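Step one of this worksheet: look at the structure below.
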Amino acid sequence: MTLALSRRAVLLAAASTIATPAQGQVVRPIVIGQTFLTDSLDPAQASAGWALQSHGVAEALFTTDRGGGTIPNLARTAEREASGAWRVTLEAGLRFSDGTACDANAVAASLRRALTENPRARTGLGAAATIEALDSLTLRITPARPVGAIAPLLAEFPLVIHRVAPEGRFAGTGPWRVREFRRGDRLELEPNPHFRGGADRPPATIRRLTDPNVLAIGLEAGELDLAFGLAAETLPRLRTRPGITVVSTPVAYQYMLLLNMRRPALADARVRSALSLALDRAQMARALGGGVPASGLFPAYMPWGLPVPLPTDRARAGALLDEAGWRLEAGLRRRAGQVLEITLTAYPQRPDFIALAPVIRAQFEALGLRVRTEVVEAITPTIQEGRFDIAFWTMHVAPGGDPAFALEQYLRTGATLNVMGFSDPALDATLDRLAAEAEPTARHALARDAAAAVNAAAPILPLLTPEWHTGLSARLAGYRPFPSDYHILHAGMP
Amino acid sequence: MRAALLRLALLLLVGSLAAFSLARAAPGDPAMLALLEANQAVNPQALAALRASFGIDQPLPAQYLAWLGGALTGDFGVSFRTGQPVLAEVLARLPVSLMLGGGGLALAALLALAIAPLAAARPGGLADRLVDGLAVAGQTVPAFWIGALLLWVVAAWMGLLPALAGPWPARLALPLLLIAFATFGPLAAAAREALNSVARSAFHQAAMAQGGHAGAPALRRSGQRHALAAMVPVLGAEAALVAGGAAVLETLFGLPGLGAFAAEAARGRDWPAVQGGLLLALAICATAQALAEASRRWLDPRPGPFR
């Protein structure tokens with residue numbers, strides 16, 4: 001009892017406390033443990049805009065909802081003009097956290113500064129984009145090249161809206177504002193009194209803890225109210241602890257296999273389809289202790305995701321290999337005396353892939369393939385230089401809520417990340433239509449068509465929509481973070 | 001003195017070339033990694049723009065000379081990952097690493113000085129075996145394993161210490177203990193060896209013959225300077241090992257130190273940060289060695305072994 005009391009006293013003394021003047025009461029900050037922390041308070045530096053958005057400090061004109069689609073945020077609408085420019089209308093009455101007005105002039109200045117200061121900000125709109133304020137609530141944005149939908153580009157993190165105050169401090173529009181920042185260690189936040197949703201939320205401390213197992217210990221010790229990014233192996237232990245709630249959420253970092261179609265065997269669509277049919281994705285999810293079997297390139301929960309998980313059919317897979325000339329002889333698939341042999345490449349930065357490699361190897365071997373597994377330290381140069389047969393990969397398939405993002409990056413003919421060597425004129429034509437289409441429902445339909453075409457051609461084999469795990473103390477038991485790391489702290493904090 | 005400074009300058013010059021080469025030895029394009037990690041569009045234009053802003057579109061000799069020239073004026077470049085000046089990043093993290101490494105070594109040295117006389121006075125006794133046991137355990141038990149275990153027991157199970165989100169003393173206590181645990185053995189063994197020499201020495205035997213008290217207190221009194229002189233070179237050598245071990249502990253305990261920063265920089269192919277971190281680590285180790293040597297000479301100015 002004495003121990004428990006003294007520990008509580010130390011915790012209370014340790015935690016930064018903020019008095020609510022109106023009530024005179026002390027509110028203990030909620031303490032969040034997570035593996036990353038902003039490196040700067042300047043949203044235009046490197047990836048700081050993303051981190052500050054995740055920390056609840058900064059916001060973009062548009063954002064993504066829980067389904068992964070783009071929705072208005074600080075902006076109300078974006079309409080394309082005949083010239084190809086976009087007219088963006090802001091919500092009325094917006095203010096920065098320092099109390100100054102967040103009007104069209106301020107937003108234009110913020111966007112221009114991001115484009116000037118941060119090369120990452122130029123990937124969507126282009127370096128030569130022009131931004132002008134038409135009146136206090138309206139902006140005209142002319143991207144450097146024509147875009148079908150500007151909202152997903154304006155939802156990208158480098159374009160979070162901010163103000164540089166004269167003394168060099170930065171003000172955002174999120175539900176919290178920064179009270180103290182200790183680089184690499186912690187961020188102390190207080191409610192933003194000028195937030196459009198009010199300031200009725202507790203102060204917060206974000207602690208950077210890079211080891212997922214330590215996050216679990218912090219939660220068990222009562223030091224953390226929210227632990228984001230728990231390791232799967234800690235979950236059974238945490239679920240038995242009274243007062244701790246574990247929430248597992250599917251996220252858009254789709255797990256997949258990339259197939260090198262420059263390898264003769266994998267150039268045959270029947271072989272690729274057979275490999276897809278040989279995969280038991282439910283077994284993979286069990287092996288990882290979570291995850292949703294994939295239905296295609298996009299998670300099923302997205303508005304343009306395919307609803308039905310990809311099938312497992314070993315008999316059909318065998319028949320396809322027979323048809324392709326790879327006959328089962330003495331337990332191995334052979335054609336003209338040559339064994340159907342592949343190497344499965346994983347990388348240590350994604351421990352899930354190390355765990356999945358033997359599972360997939362067994363599933364392929366059951367089909368009669370000879371499979372070798374390897375782990376490479378740097379996967380990106382390996383796939384860029386074509387030094388792979390089948391490689392594990394993961395990516396966020398729609399970071400700004402744009403269904404065209406992953407398709408354009410990985411599957412358009414000649415795209416930089418099309419390391420598979422895949423080319424399909426019909427898919428390219430679908431992507432052209434998607435690039436020109438502005439209406440969301442039509443864009444979703446086109447994205448579904450494209451995803452179905454990718455499933456049929458199988459240059460990549462989607463595996464799982466992984467789950468991320470968040471632990472919550474009793475104080476935050478009802479809180480639900482978004483299904484990505486974009487909004488770990490959001491205005492719904494109790 | 002001038003020769004020592006020249007040696008240090010030469011060491012840092014060679015070190016700068018090694019740091020530059022090592023940073024680039026691992027495969028991977030920093031621009032590509034930066035875009036992929038940020039979920040941004042990867043296309044030739046974006047890659048070219050980012051490479052140009054990083055300055056890695058220049059030939060390697062030009063990159064090296066530009067970096068070296070900047071480093072001579074205190075400008076170590078800008079981190080690819082954070083967009084912040086490397087020097088500021090490193091200096092922000094240096095105090096934590098120094099506090100952790102220096103504090104852990106100091107604690108280990110104090111414990112070694114306290115226990116070594118007991119071990120030397122009674123060979124085969126409890127203290128002697130403790131020194132042997134900890135020398136083996138400290139060097140063989142992985143820091144991350146024992147650190148995680150200790151953290152769970154002290155913070156989660158017993159609830160004794162807010163080791164993750166509490167005030168600095170609470171957060172530093174366990175990693176300091178772990179560094180002391182890892183370095184105590186070699187230090188105590190060196191001190192014990194020196195005290196054994198003292199115990200066999202003519203002056204100690206003479207003191208005993210004149211009616212002096214035997215045992216640990218006498219050894220502590222007459223051999224403290226010898227023990228210290230024996231420990232100092234070990235401290236210098238352990239400083240380099242501590243720098244490596246501290247990276248693991250900094251990561252485990254979420255401490256914003258230099259080791260964890262350098263490890264993350266290496267993973268993200270953040271070449272300027274890797275180069276800056278390596279060069280600073282080299283400078284710190286060289287300084288520690290030089291200080292150790294100077295201290296040893298001060299403690300025992302005679303040439304050759306202790307007598």
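Numbering starts fresh at 1 for the residues of each chain in the structure tokens, the chains themselves are lettered A, B, ... in the order given, and ligands are numbered from 1 as they appear.
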
task: Find the spatial neighbours of region 188-196 of chain B, counting only C-alpha atoms, within a cut-off of 8 Å - ignore same-chain residues fewer than 5 positions away - and output them as a PyMOL selection string.
output: chain B and resi 109+111-113+115-117+119-121+131-132+135+219+223-224+226-228+230-231+234+306

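Selected on chain B by distance to chain A: Pro27, Gly28, Ala38, Asn39, Ala41, Val42, Asn43, Ala46, Ala49, Leu50, Arg81, Thr82, Gly83, Trp152, Ala155, Ala156, Gly159, Leu160, Leu161, Pro162, Leu164, Ala165, Gly166, Pro167, Thr251, Leu252, Gly254, Leu255 and Pro256 of chain B (within 7 Å, counting only C-alpha atoms).
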
Please, could you write that set of residues out with C-alpha atoms as a CSV table (one decimal), in the first residue's frame?
```csv
chain,number,residue,atom,x,y,z
B,27,PRO,CA,23.0,-0.2,-49.7
B,28,GLY,CA,20.0,2.1,-50.1
B,38,ALA,CA,6.8,9.3,-45.7
B,39,ASN,CA,4.3,7.6,-48.0
B,41,ALA,CA,5.0,9.6,-54.5
B,42,VAL,CA,8.2,8.1,-55.8
B,43,ASN,CA,9.0,9.3,-59.3
B,46,ALA,CA,10.7,13.8,-56.8
B,49,ALA,CA,14.7,17.0,-56.3
B,50,LEU,CA,15.3,15.3,-53.0
B,81,ARG,CA,15.5,12.6,-41.8
B,82,THR,CA,14.9,15.5,-39.5
B,83,GLY,CA,15.9,18.5,-41.6
B,152,TRP,CA,9.4,-5.2,-16.1
B,155,ALA,CA,8.4,-0.7,-13.1
B,156,ALA,CA,5.5,-3.0,-14.0
B,159,GLY,CA,5.7,-0.5,-9.3
B,160,LEU,CA,8.7,1.0,-7.6
B,161,LEU,CA,9.9,3.5,-10.2
B,162,PRO,CA,8.3,5.5,-13.0
B,164,LEU,CA,9.6,5.5,-18.5
B,165,ALA,CA,7.6,8.7,-18.1
B,166,GLY,CA,8.8,9.9,-14.7
B,167,PRO,CA,11.4,12.6,-13.8
B,251,THR,CA,16.6,2.6,-27.2
B,252,LEU,CA,15.1,0.4,-24.5
B,254,GLY,CA,13.5,5.7,-24.5
B,255,LEU,CA,16.3,8.1,-23.6
B,256,PRO,CA,17.2,10.7,-26.2
```

- request: In Å, rounded to a single decimal, give me how far CA of Ser222 (chain B) is from CA of Glu238 (chain B).
  value: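 Pair CA of Glu238 (chain B) / CA of Ser222 (chain B) returns 25.9 Å.
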
message: For region 93-99 of chain B, find every residue with an atom within 10 Å (counting only C-alpha atoms), except residues of its own chain fewer than 6 positions away, and show them as a ChimeraX atom specification.
response: /A:183-185 /B:87,105,168,172,176,242-243,246-247,250,255-261,277,280-281,284

message: Taking 5 positions as the minimum chain separation for residues in the same chain, which residues sit within 10 Å of Ala452 (chain A) when counting only C-alpha atoms? Answer as a count of residues only.
response: 9

message: List the spatial neighbours of Leu279 (chain B) as a ChimeraX atom specification - criterion: any atom at most 8 Å away, only C-alpha atoms, same-chain residues fewer than 2 positions off excluded.
response: /B:12,15-16,19,275-277,281-283

Leu249 (chain B) surroundings by only C-alpha atoms, 8 Å radius, close-in-sequence under 6 positions cut, as an mmCIF file with C-alpha atoms, in the first residue's frame:
```cif
data_model
loop_
_atom_site.group_PDB
_atom_site.id
_atom_site.type_symbol
_atom_site.label_atom_id
_atom_site.label_comp_id
_atom_site.auth_asym_id
_atom_site.auth_seq_id
_atom_site.Cartn_x
_atom_site.Cartn_y
_atom_site.Cartn_z
ATOM 1 C CA ALA B 143 22.010 -5.592 -22.051
ATOM 2 C CA PHE B 144 18.639 -5.517 -23.822
ATOM 3 C CA GLY B 147 17.295 -4.339 -19.187
ATOM 4 C CA PRO B 175 20.160 2.239 -17.186
ATOM 5 C CA LEU B 255 16.304 8.058 -23.593
#
```

message: Using only C-alpha atoms, which protein or nucleic acid residues come within 6 Å of Leu134 (chain B)? Drop anything in the same chain fewer than 4 positions from it, and give the result as JSON, numbers by chain.
response: {"B": [130, 138, 185]}

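CA of Ile460 (chain A) is found 25.5 Å from CA of Thr441 (chain A).
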